Protein chains: 2
Amino acid sequence: MVQSEIPNIIISRLPVYLRALRHMQGQGKQTTNSQELGEQVGVSAAQIRKDVSQFGEFGKQGTGYDIAFLVKKLSEILHIDRVWDLAVIGMGDMGHAIARYQGFADRGFRVAMLFDADPAKIGTRLGSFVIRDAAEMIPAIKQAGIQIAMLCVPASTAQAVTNQLVQAGVKAILNYSPINLSVPDGVRVQYLDPSVGLQRMTYYL
Amino acid sequence: MVQSEIPNIIISRLPVYLRALRHMQGQGKQTTNSQELGEQVGVSAAQIRKDVSQFGEFGKQGTGYDIAFLVKKLSEILHIDRVWDLAVIGMGDMGHAIARYQGFADRGFRVAMLFDADPAKIGTRLGSFVIRDAAEMIPAIKQAGIQIAMLCVPASTAQAVTNQLVQAGVKAILNYSPINLSVPDGVRVQYLDPSVGLQRMTYYL
DNA sequence: TAGATTGTTAATCGATTAACAATC
DNA sequence: TAGATTGTTAATCGATTAACAATC
């Protein structure tokens with residue numbers, strides 16, 4: 001029997017709920033409810049309840065949700081009740097910033113390897129890492145079993161590098177390059193092109 | 001009479017179409033069609049035609065779309081047939097990378113001002129800019145008439161800085177901080193939290 | 001118990017797709 | 001002209017909301 005299919009649009013909201021819940025935790029709150037959480041993240045209370053109830057009965061009538069419990073459940077659902085190793089490809093300014101980013105630690109991720117093709121960068125240190133030769137990328141990622149890559153290379157090489165990542169067994173790519181990537185079924189891409197983000201707002205200015 | 005309301009979900013796809021069209025242009029292509037563009041960006045041909053036709057009749061039966069013409073029209077629709085000045089707030093690793101990002105130039109944007117609250121950074125140069133004191137932010141942004149900000153400060157100060165940006169007249173915020181922002185009506189926020197992007201994929205791993 | 005809030009159903013709303021006449 | 005592809009309509013599909021019984 002196939003696991004019943006949860007719409008991707010629901011999955012995409014869960015990390016946002018989780019972020020808000022952890023923020024509440026940081027403020028010392030113990031419980032919340034669909035109304036409050038909904039206001040926090042900008043969705044209706046009904047939608048919060050509907051989304052969360054896809055995965056179980058995590059709330060209590062009359063009192064709402066225990067924050068710590070819901071955080072635990074959402075973390076399990078999103079498979080971040082473990083630590084995922086990340087490979088960062090491309091050590092320009094953006095790759096550099098990602099490699100040093102402190103925000104992964106408590107959210108399920110850890111930078112594990114850095115790659116660049118520039119001989120001037122290969123072998124140099126960045127924090128506790130040594131930048132590795134992109135030519136070794138496929139065997140290195142394969143051997144480490146890394147499934148997630150942060151793509152920070154220029155648009156001109158992004159598709160070629162992506163093909164290599166797919167060969168290396170990568171299943172999820174966070175793409176900072178301003179280009180649409182073509183990947184086979186079973187590989188996921190999330191796009192973080194800043195110009196696209198800006199252009200989604202200028203329409204309204 | 002109110003301008004007929006275009007759904008936001010359509011607007012949000014236009015920058016992606018535009019990016020793909022410019023990529024085709026860079027390859028020397030003159031024309032395309034809804035089928036080809038759809039495959040490029042991962043949406044159906046019918047949806048491409050429906051989306052684009054909200055704004056006029058930009059195609060030709062039998063031949064498809066002239067790429068240069070469609071690029072021009074989409075640029076006008078998205079209001080990027082001009083250059084928008086950006087203020088970058090927070091000169092950590094991420095703000096640093098954004099300030100030096102070369103990808104804004106031909107997509108309608110230009111970094112115009114950098115701010116940080118750290119006395120060690122204030123007054124230092126970054127490329128052709130001098131990092132300014134965040135304490136001067138409100139009058140400086142107001143005076144320059146800047147409407148778009150890139151928020152690269154830590155989560156702990158993001159909401160307070162956002163309130164100042166709103167006071168300064170900013171209407172669009174690209175938020176790199178891992179936090180939900182509360183803003184008044186008329187102000188838009190786009191979120192680029194890398195952990196959220198990653199968590200949207202780990203569910204499927 | 002009374003009040004509050006969930007989980008869930010049914011109704012509504014909106015977005016996507018299929019199909020095809022129009023026309024280049 | 002024949003072939004191709006648009007723009008658009010109607011049908012389908014899916015997501016959101018409203019409402020309320022269940023229950024803490």
# chains A, B, ... in the order shown; residues from 1 in each chain; ligands from 1
>>> residues_around(residues="C:DA22", least_positions_apart="3", cutoff="9 Å", atoms="only C-alpha atoms (C1' of nucleotides)", output="number ranges by chain")
B: 61; D: 6-7
>>> write_last_selection(atoms="N, CA and C atoms (P, O5', C5', C4', C3', O3' and C1' of nucleotides)", output="compact mmCIF listing (two decimals), in the first residue's frame")
# COMPACT_ATOMS: atom_id res chain seq x y z
N GLN B 61 -0.12 33.22 -33.65
CA GLN B 61 -0.51 31.86 -34.00
C GLN B 61 0.41 31.31 -35.08
P DT D 6 2.28 28.99 -28.83
O5' DT D 6 1.29 30.22 -28.68
C5' DT D 6 1.51 31.38 -29.46
C4' DT D 6 0.17 32.01 -29.83
C3' DT D 6 -0.62 32.51 -28.63
O3' DT D 6 -0.79 33.92 -28.74
C1' DT D 6 -1.98 31.12 -30.05
P DG D 7 -1.10 34.80 -27.43
O5' DG D 7 -2.67 34.64 -27.33
C5' DG D 7 -3.51 35.29 -28.26
C4' DG D 7 -4.96 34.95 -27.97
C3' DG D 7 -5.44 35.30 -26.56
O3' DG D 7 -6.75 35.84 -26.73
C1' DG D 7 -5.77 32.99 -26.94
>>> residues_around(residues="A:Gly90", least_positions_apart="4", cutoff="6 Å", atoms="only C-alpha atoms (C1' of nucleotides)", output="number ranges by chain")
A: 95, 115-116, 152-153
>>> write_last_selection(atoms="C-alpha atoms", output="PDB file, in the first residue's frame")
ATOM      1  CA  GLY A  95      29.446  30.046  -1.328  1.00  0.00           C
ATOM      2  CA  PHE A 115      34.444  22.578  -3.569  1.00  0.00           C
ATOM      3  CA  ASP A 116      35.785  25.002  -6.138  1.00  0.00           C
ATOM      4  CA  CYS A 152      26.770  28.572  -5.627  1.00  0.00           C
ATOM      5  CA  VAL A 153      28.506  28.512  -9.015  1.00  0.00           C
TER       6      VAL A 153
END
>>> closest_residue(among="B:Arg82, B:Lys29, B:Arg49, B:Lys73", to="chain C", atoms="only C-alpha atoms (C1' of nucleotides)")
B:Arg49
>>> calpha_fit_and_write(fixed="chain B", moving="chain A", output="CSV table (one decimal) with C-alpha atoms, in the first residue's frame")
chain,number,residue,atom,x,y,z
A,1,MET,CA,-12.4,51.6,-12.2
A,2,VAL,CA,-10.0,49.2,-10.5
A,3,GLN,CA,-7.4,47.5,-12.5
A,4,SER,CA,-8.5,43.9,-12.9
A,5,GLU,CA,-6.8,41.8,-10.2
A,6,ILE,CA,-4.0,39.4,-11.5
A,7,PRO,CA,-3.5,36.5,-9.0
A,8,ASN,CA,-0.2,36.7,-7.2
A,9,ILE,CA,0.6,33.2,-8.2
A,10,ILE,CA,0.8,34.3,-11.8
A,11,ILE,CA,2.9,37.3,-11.0
A,12,SER,CA,5.3,35.0,-9.1
A,13,ARG,CA,5.9,32.9,-12.2
A,14,LEU,CA,6.7,35.8,-14.5
A,15,PRO,CA,10.2,36.4,-13.2
A,16,VAL,CA,11.0,32.8,-13.8
A,17,TYR,CA,9.7,33.0,-17.4
A,18,LEU,CA,11.7,36.1,-17.9
A,19,ARG,CA,14.9,34.5,-16.6
A,20,ALA,CA,14.4,31.5,-19.0
A,21,LEU,CA,13.7,33.9,-22.0
A,22,ARG,CA,16.8,35.9,-21.3
A,23,HIS,CA,18.8,32.7,-21.1
A,24,MET,CA,17.4,31.7,-24.6
A,25,GLN,CA,18.3,35.2,-25.8
A,26,GLY,CA,21.9,34.6,-24.6
A,27,GLN,CA,22.0,31.5,-26.7
A,28,GLY,CA,21.0,33.5,-29.8
A,29,LYS,CA,17.4,32.2,-30.1
A,30,GLN,CA,14.9,34.6,-31.7
A,31,THR,CA,11.6,32.9,-31.0
A,32,THR,CA,10.1,30.3,-28.7
A,33,ASN,CA,6.7,28.8,-28.0
A,34,SER,CA,4.6,27.9,-25.0
A,35,GLN,CA,5.6,24.2,-25.3
A,36,GLU,CA,9.4,25.0,-25.2
A,37,LEU,CA,9.2,27.7,-22.6
A,38,GLY,CA,7.0,25.5,-20.4
A,39,GLU,CA,9.5,22.6,-20.6
A,40,GLN,CA,12.3,25.0,-19.7
A,41,VAL,CA,10.6,26.2,-16.5
A,42,GLY,CA,8.6,23.2,-15.6
A,43,VAL,CA,5.0,24.3,-16.2
A,44,SER,CA,2.5,23.3,-18.8
A,45,ALA,CA,2.2,25.0,-22.2
A,46,ALA,CA,-1.4,25.9,-21.4
A,47,GLN,CA,-0.3,27.6,-18.3
A,48,ILE,CA,2.3,29.7,-20.0
A,49,ARG,CA,-0.2,30.9,-22.6
A,50,LYS,CA,-2.8,31.6,-19.9
A,51,ASP,CA,-0.4,33.5,-17.7
A,52,VAL,CA,1.0,35.6,-20.5
A,53,SER,CA,-2.3,36.3,-22.1
A,54,GLN,CA,-3.5,38.1,-18.9
A,55,PHE,CA,-1.5,41.1,-20.0
A,56,GLY,CA,-2.1,41.2,-23.8
A,57,GLU,CA,-1.7,39.2,-27.0
A,58,PHE,CA,2.1,38.8,-27.2
A,59,GLY,CA,2.3,35.7,-29.4
A,60,LYS,CA,1.5,34.9,-33.0
A,61,GLN,CA,-0.5,31.9,-34.0
A,62,GLY,CA,1.6,29.4,-36.0
A,63,THR,CA,5.0,30.8,-34.9
A,64,GLY,CA,4.9,31.4,-31.1
A,65,TYR,CA,6.6,34.3,-29.2
A,66,ASP,CA,9.3,36.7,-30.3
A,67,ILE,CA,11.7,36.4,-27.4
A,68,ALA,CA,13.0,40.0,-27.4
A,69,PHE,CA,9.4,41.3,-27.5
A,70,LEU,CA,8.2,39.1,-24.7
A,71,VAL,CA,11.2,40.0,-22.6
A,72,LYS,CA,10.4,43.7,-23.1
A,73,LYS,CA,6.7,43.1,-22.2
A,74,LEU,CA,7.4,41.1,-19.1
A,75,SER,CA,10.0,43.6,-18.0
A,76,GLU,CA,7.4,46.4,-18.3
A,77,ILE,CA,4.8,44.3,-16.5
A,78,LEU,CA,7.2,43.6,-13.6
A,79,HIS,CA,8.3,47.3,-13.6
A,80,ILE,CA,11.9,46.4,-14.2
A,81,ASP,CA,12.1,48.6,-17.3
A,82,ARG,CA,13.9,50.9,-14.9
A,83,VAL,CA,16.6,50.5,-12.2
A,84,TRP,CA,15.6,50.1,-8.6
A,85,ASP,CA,18.0,51.2,-5.9
A,86,LEU,CA,18.6,48.7,-3.1
A,87,ALA,CA,19.7,49.2,0.5
A,88,VAL,CA,21.5,46.3,2.1
A,89,ILE,CA,21.1,46.1,5.9
A,90,GLY,CA,23.6,44.1,7.9
A,91,MET,CA,27.2,43.6,6.7
A,92,GLY,CA,27.9,40.1,7.9
A,93,ASP,CA,28.9,37.4,5.5
A,94,MET,CA,25.5,37.3,3.8
A,95,GLY,CA,25.2,41.1,3.5
A,96,HIS,CA,28.7,41.2,2.2
A,97,ALA,CA,27.9,38.6,-0.5
A,98,ILE,CA,24.8,40.5,-1.5
A,99,ALA,CA,26.6,43.8,-1.7
A,100,ARG,CA,29.1,42.4,-4.1
A,101,TYR,CA,26.6,40.3,-6.1
A,102,GLN,CA,27.0,40.9,-9.8
A,103,GLY,CA,23.7,39.4,-10.8
A,104,PHE,CA,21.5,42.5,-10.2
A,105,ALA,CA,23.0,44.7,-12.9
A,106,ASP,CA,21.0,43.5,-15.9
A,107,ARG,CA,17.9,42.5,-14.0
A,108,GLY,CA,16.6,45.9,-12.8
A,109,PHE,CA,18.5,46.5,-9.6
A,110,ARG,CA,21.5,48.3,-8.2
A,111,VAL,CA,22.9,48.2,-4.7
A,112,ALA,CA,22.9,51.8,-3.5
A,113,MET,CA,23.6,51.9,0.2
A,114,LEU,CA,25.1,49.6,2.9
A,115,PHE,CA,24.3,49.8,6.6
A,116,ASP,CA,25.6,48.1,9.7
A,117,ALA,CA,25.4,48.9,13.4
A,118,ASP,CA,28.9,47.7,14.3
A,119,PRO,CA,31.3,50.6,14.9
A,120,ALA,CA,34.2,48.4,13.6
A,121,LYS,CA,32.5,48.2,10.2
A,122,ILE,CA,31.0,51.7,10.0
A,123,GLY,CA,33.1,53.9,7.7
A,124,THR,CA,35.0,51.0,6.1
A,125,ARG,CA,34.8,50.5,2.3
A,126,LEU,CA,33.2,47.6,0.5
A,127,GLY,CA,33.8,47.8,-3.2
A,128,SER,CA,32.8,51.3,-4.2
A,129,PHE,CA,30.7,51.9,-1.1
A,130,VAL,CA,31.3,53.0,2.4
A,131,ILE,CA,29.4,51.2,5.1
A,132,ARG,CA,27.1,53.6,6.8
A,133,ASP,CA,25.9,53.8,10.4
A,134,ALA,CA,22.5,52.0,10.9
A,135,ALA,CA,21.6,54.8,13.2
A,136,GLU,CA,21.3,57.1,10.1
A,137,MET,CA,19.3,54.6,8.2
A,138,ILE,CA,15.8,56.1,8.4
A,139,PRO,CA,16.7,59.6,7.1
A,140,ALA,CA,19.2,58.3,4.6
A,141,ILE,CA,16.7,55.8,3.0
A,142,LYS,CA,13.9,58.4,3.1
A,143,GLN,CA,16.0,61.1,1.5
A,144,ALA,CA,17.2,58.7,-1.3
A,145,GLY,CA,13.6,57.5,-1.8
A,146,ILE,CA,14.7,53.9,-1.7
A,147,GLN,CA,11.8,51.5,-1.6
A,148,ILE,CA,13.6,48.1,-1.5
A,149,ALA,CA,15.8,46.6,1.2
A,150,MET,CA,17.8,43.4,1.6
A,151,LEU,CA,17.6,42.4,5.2
A,152,CYS,CA,20.7,40.5,6.2
A,153,VAL,CA,20.8,41.1,10.0
A,154,PRO,CA,20.6,38.3,12.7
A,155,ALA,CA,17.1,37.0,13.7
A,156,SER,CA,17.4,38.8,17.0
A,157,THR,CA,17.2,42.3,15.5
A,158,ALA,CA,15.3,41.6,12.3
A,159,GLN,CA,11.9,42.8,13.4
A,160,ALA,CA,13.2,46.0,15.0
A,161,VAL,CA,15.2,46.8,11.9
A,162,THR,CA,12.1,46.0,9.8
A,163,ASN,CA,10.1,48.5,11.8
A,164,GLN,CA,12.7,51.1,11.0
A,165,LEU,CA,12.7,50.2,7.3
A,166,VAL,CA,8.9,50.6,7.2
A,167,GLN,CA,9.2,54.0,8.9
A,168,ALA,CA,11.8,54.9,6.2
A,169,GLY,CA,9.2,54.2,3.5
A,170,VAL,CA,10.5,50.9,2.3
A,171,LYS,CA,7.8,48.9,0.5
A,172,ALA,CA,9.6,45.7,-0.3
A,173,ILE,CA,11.9,43.6,1.8
A,174,LEU,CA,14.0,40.6,0.7
A,175,ASN,CA,14.5,38.8,4.0
A,176,TYR,CA,17.5,36.6,4.6
A,177,SER,CA,16.9,36.4,8.3
A,178,PRO,CA,15.4,33.1,9.6
A,179,ILE,CA,12.3,34.8,11.0
A,180,ASN,CA,8.8,35.7,10.1
A,181,LEU,CA,8.4,39.4,9.8
A,182,SER,CA,5.3,41.4,10.7
A,183,VAL,CA,4.7,44.3,8.4
A,184,PRO,CA,1.8,46.7,7.7
A,185,ASP,CA,-0.4,46.4,4.6
A,186,GLY,CA,1.3,47.7,1.5
A,187,VAL,CA,4.7,46.4,2.5
A,188,ARG,CA,5.8,43.1,0.9
A,189,VAL,CA,8.3,40.5,2.1
A,190,GLN,CA,10.0,37.7,0.3
A,191,TYR,CA,11.7,35.1,2.3
A,192,LEU,CA,15.1,33.4,1.4
A,193,ASP,CA,15.8,31.4,4.5
A,194,PRO,CA,18.2,28.6,3.3
A,195,SER,CA,17.1,26.2,6.1
A,196,VAL,CA,13.5,26.5,5.0
A,197,GLY,CA,14.5,25.7,1.4
A,198,LEU,CA,16.4,22.6,2.6
A,199,GLN,CA,13.6,21.4,4.9
A,200,ARG,CA,11.2,21.5,2.0
A,201,MET,CA,13.3,18.8,0.4
A,202,THR,CA,14.3,16.6,3.3
A,203,TYR,CA,10.7,15.4,3.7
A,204,TYR,CA,11.3,13.5,0.4
A,205,LEU,CA,14.7,12.1,1.3
>>> atom_distance(atom1="atom C1' of D:DA2", atom2="atom C1' of C:DC24")
12.1 Å
>>> residues_around(residues="stretch 12-15 of chain C", least_positions_apart="2", cutoff="9 Å", atoms="only C-alpha atoms (C1' of nucleotides)", output="list of chain:residue names")
D:DC13, D:DG14, D:DA15, D:DT16, D:DT17, D:DA18
>>> select_by_dssp(residues="stretch 97-153 of chain A", states="helix (DSSP H, G or I)", output="ChimeraX atom specification")
/A:97-100,105-107,134-144
>>> write_last_selection(atoms="N, CA and C atoms", output="PDB file, in the first residue's frame")
ATOM      1  N   ALA A  97      29.756  32.753   2.070  1.00  0.00           N
ATOM      2  CA  ALA A  97      28.774  33.110   3.110  1.00  0.00           C
ATOM      3  C   ALA A  97      28.021  31.870   3.592  1.00  0.00           C
ATOM      4  N   ILE A  98      27.651  31.009   2.665  1.00  0.00           N
ATOM      5  CA  ILE A  98      26.931  29.777   3.034  1.00  0.00           C
ATOM      6  C   ILE A  98      27.814  28.879   3.894  1.00  0.00           C
ATOM      7  N   ALA A  99      29.076  28.761   3.503  1.00  0.00           N
ATOM      8  CA  ALA A  99      29.995  27.880   4.237  1.00  0.00           C
ATOM      9  C   ALA A  99      30.164  28.333   5.682  1.00  0.00           C
ATOM     10  N   ARG A 100      30.054  29.621   5.913  1.00  0.00           N
ATOM     11  CA  ARG A 100      30.240  30.149   7.263  1.00  0.00           C
ATOM     12  C   ARG A 100      28.918  30.397   7.987  1.00  0.00           C
ATOM     13  N   ALA A 105      23.079  24.892  12.144  1.00  0.00           N
ATOM     14  CA  ALA A 105      23.418  23.998  13.253  1.00  0.00           C
ATOM     15  C   ALA A 105      22.200  23.383  13.940  1.00  0.00           C
ATOM     16  N   ASP A 106      21.242  24.199  14.335  1.00  0.00           N
ATOM     17  CA  ASP A 106      20.132  23.638  15.111  1.00  0.00           C
ATOM     18  C   ASP A 106      18.893  23.404  14.254  1.00  0.00           C
ATOM     19  N   ARG A 107      19.110  23.316  12.933  1.00  0.00           N
ATOM     20  CA  ARG A 107      17.932  23.108  12.079  1.00  0.00           C
ATOM     21  C   ARG A 107      18.079  21.873  11.198  1.00  0.00           C
ATOM     22  N   ALA A 134      37.097  20.680  -7.377  1.00  0.00           N
ATOM     23  CA  ALA A 134      35.820  20.250  -7.938  1.00  0.00           C
ATOM     24  C   ALA A 134      35.981  19.004  -8.808  1.00  0.00           C
ATOM     25  N   ALA A 135      37.186  18.766  -9.281  1.00  0.00           N
ATOM     26  CA  ALA A 135      37.419  17.572 -10.093  1.00  0.00           C
ATOM     27  C   ALA A 135      37.245  16.281  -9.284  1.00  0.00           C
ATOM     28  N   GLU A 136      37.406  16.385  -7.978  1.00  0.00           N
ATOM     29  CA  GLU A 136      37.228  15.198  -7.112  1.00  0.00           C
ATOM     30  C   GLU A 136      35.805  15.080  -6.585  1.00  0.00           C
ATOM     31  N   MET A 137      34.954  15.955  -7.031  1.00  0.00           N
ATOM     32  CA  MET A 137      33.644  16.096  -6.416  1.00  0.00           C
ATOM     33  C   MET A 137      32.820  14.813  -6.456  1.00  0.00           C
ATOM     34  N   ILE A 138      32.738  14.197  -7.626  1.00  0.00           N
ATOM     35  CA  ILE A 138      31.856  13.033  -7.740  1.00  0.00           C
ATOM     36  C   ILE A 138      32.261  11.914  -6.786  1.00  0.00           C
ATOM     37  N   PRO A 139      33.514  11.448  -6.811  1.00  0.00           N
ATOM     38  CA  PRO A 139      33.849  10.374  -5.869  1.00  0.00           C
ATOM     39  C   PRO A 139      33.761  10.809  -4.404  1.00  0.00           C
ATOM     40  N   ALA A 140      34.124  12.057  -4.115  1.00  0.00           N
ATOM     41  CA  ALA A 140      34.112  12.499  -2.717  1.00  0.00           C
ATOM     42  C   ALA A 140      32.693  12.508  -2.147  1.00  0.00           C
ATOM     43  N   ILE A 141      31.753  13.032  -2.932  1.00  0.00           N
ATOM     44  CA  ILE A 141      30.360  13.092  -2.468  1.00  0.00           C
ATOM     45  C   ILE A 141      29.771  11.694  -2.365  1.00  0.00           C
ATOM     46  N   LYS A 142      30.079  10.881  -3.368  1.00  0.00           N
ATOM     47  CA  LYS A 142      29.607   9.490  -3.366  1.00  0.00           C
ATOM     48  C   LYS A 142      30.078   8.764  -2.120  1.00  0.00           C
ATOM     49  N   GLN A 143      31.376   8.886  -1.878  1.00  0.00           N
ATOM     50  CA  GLN A 143      31.949   8.136  -0.766  1.00  0.00           C
ATOM     51  C   GLN A 143      31.374   8.580   0.573  1.00  0.00           C
ATOM     52  N   ALA A 144      31.144   9.891   0.701  1.00  0.00           N
ATOM     53  CA  ALA A 144      30.599  10.415   1.956  1.00  0.00           C
ATOM     54  C   ALA A 144      29.094  10.185   2.058  1.00  0.00           C
TER      55      ALA A 144
END
>>> select_by_dssp(residues="stretch 50-155 of chain A", states="strand (DSSP E or B)", output="PyMOL selection string")
chain A and resi 59-60+64-66+84-89+109-116+125-126+129-130+132-133+148-151
>>> write_last_selection(atoms="C-alpha atoms", output="mmCIF file, in the first residue's frame")
data_model
loop_
_atom_site.group_PDB
_atom_site.id
_atom_site.type_symbol
_atom_site.label_atom_id
_atom_site.label_comp_id
_atom_site.auth_asym_id
_atom_site.auth_seq_id
_atom_site.Cartn_x
_atom_site.Cartn_y
_atom_site.Cartn_z
ATOM 1 C CA GLY A 59 -3.375 19.140 19.562
ATOM 2 C CA LYS A 60 -5.769 19.094 22.501
ATOM 3 C CA GLY A 64 -4.255 23.962 21.656
ATOM 4 C CA TYR A 65 -0.791 22.596 20.904
ATOM 5 C CA ASP A 66 2.131 21.840 23.191
ATOM 6 C CA TRP A 84 22.190 16.106 7.096
ATOM 7 C CA ASP A 85 25.611 16.751 5.639
ATOM 8 C CA LEU A 86 25.819 19.496 3.015
ATOM 9 C CA ALA A 87 28.281 19.960 0.178
ATOM 10 C CA VAL A 88 28.826 23.568 -0.915
ATOM 11 C CA ILE A 89 29.848 23.947 -4.554
ATOM 12 C CA PHE A 109 22.116 20.537 8.709
ATOM 13 C CA ARG A 110 25.891 20.701 8.803
ATOM 14 C CA VAL A 111 28.283 21.925 6.148
ATOM 15 C CA ALA A 112 30.590 18.988 5.434
ATOM 16 C CA MET A 113 32.541 19.723 2.238
ATOM 17 C CA LEU A 114 33.505 22.713 0.113
ATOM 18 C CA PHE A 115 34.444 22.578 -3.569
ATOM 19 C CA ASP A 116 35.785 25.002 -6.138
ATOM 20 C CA ARG A 125 41.238 26.910 4.391
ATOM 21 C CA LEU A 126 37.841 28.351 5.178
ATOM 22 C CA PHE A 129 37.496 23.238 6.105
ATOM 23 C CA VAL A 130 39.929 22.942 3.258
ATOM 24 C CA ARG A 132 38.627 20.750 -2.336
ATOM 25 C CA ASP A 133 39.124 20.406 -6.063
ATOM 26 C CA ILE A 148 22.240 17.562 -0.367
ATOM 27 C CA ALA A 149 24.215 20.228 -2.236
ATOM 28 C CA MET A 150 24.226 24.021 -2.142
ATOM 29 C CA LEU A 151 24.919 25.234 -5.647
#
>>> atom_distance(atom1="atom C1' of C:DA11", atom2="atom C1' of D:DT23")
24.7 Å
>>> atom_distance(atom1="atom C1' of C:DA19", atom2="atom C1' of D:DT8")
10.4 Å
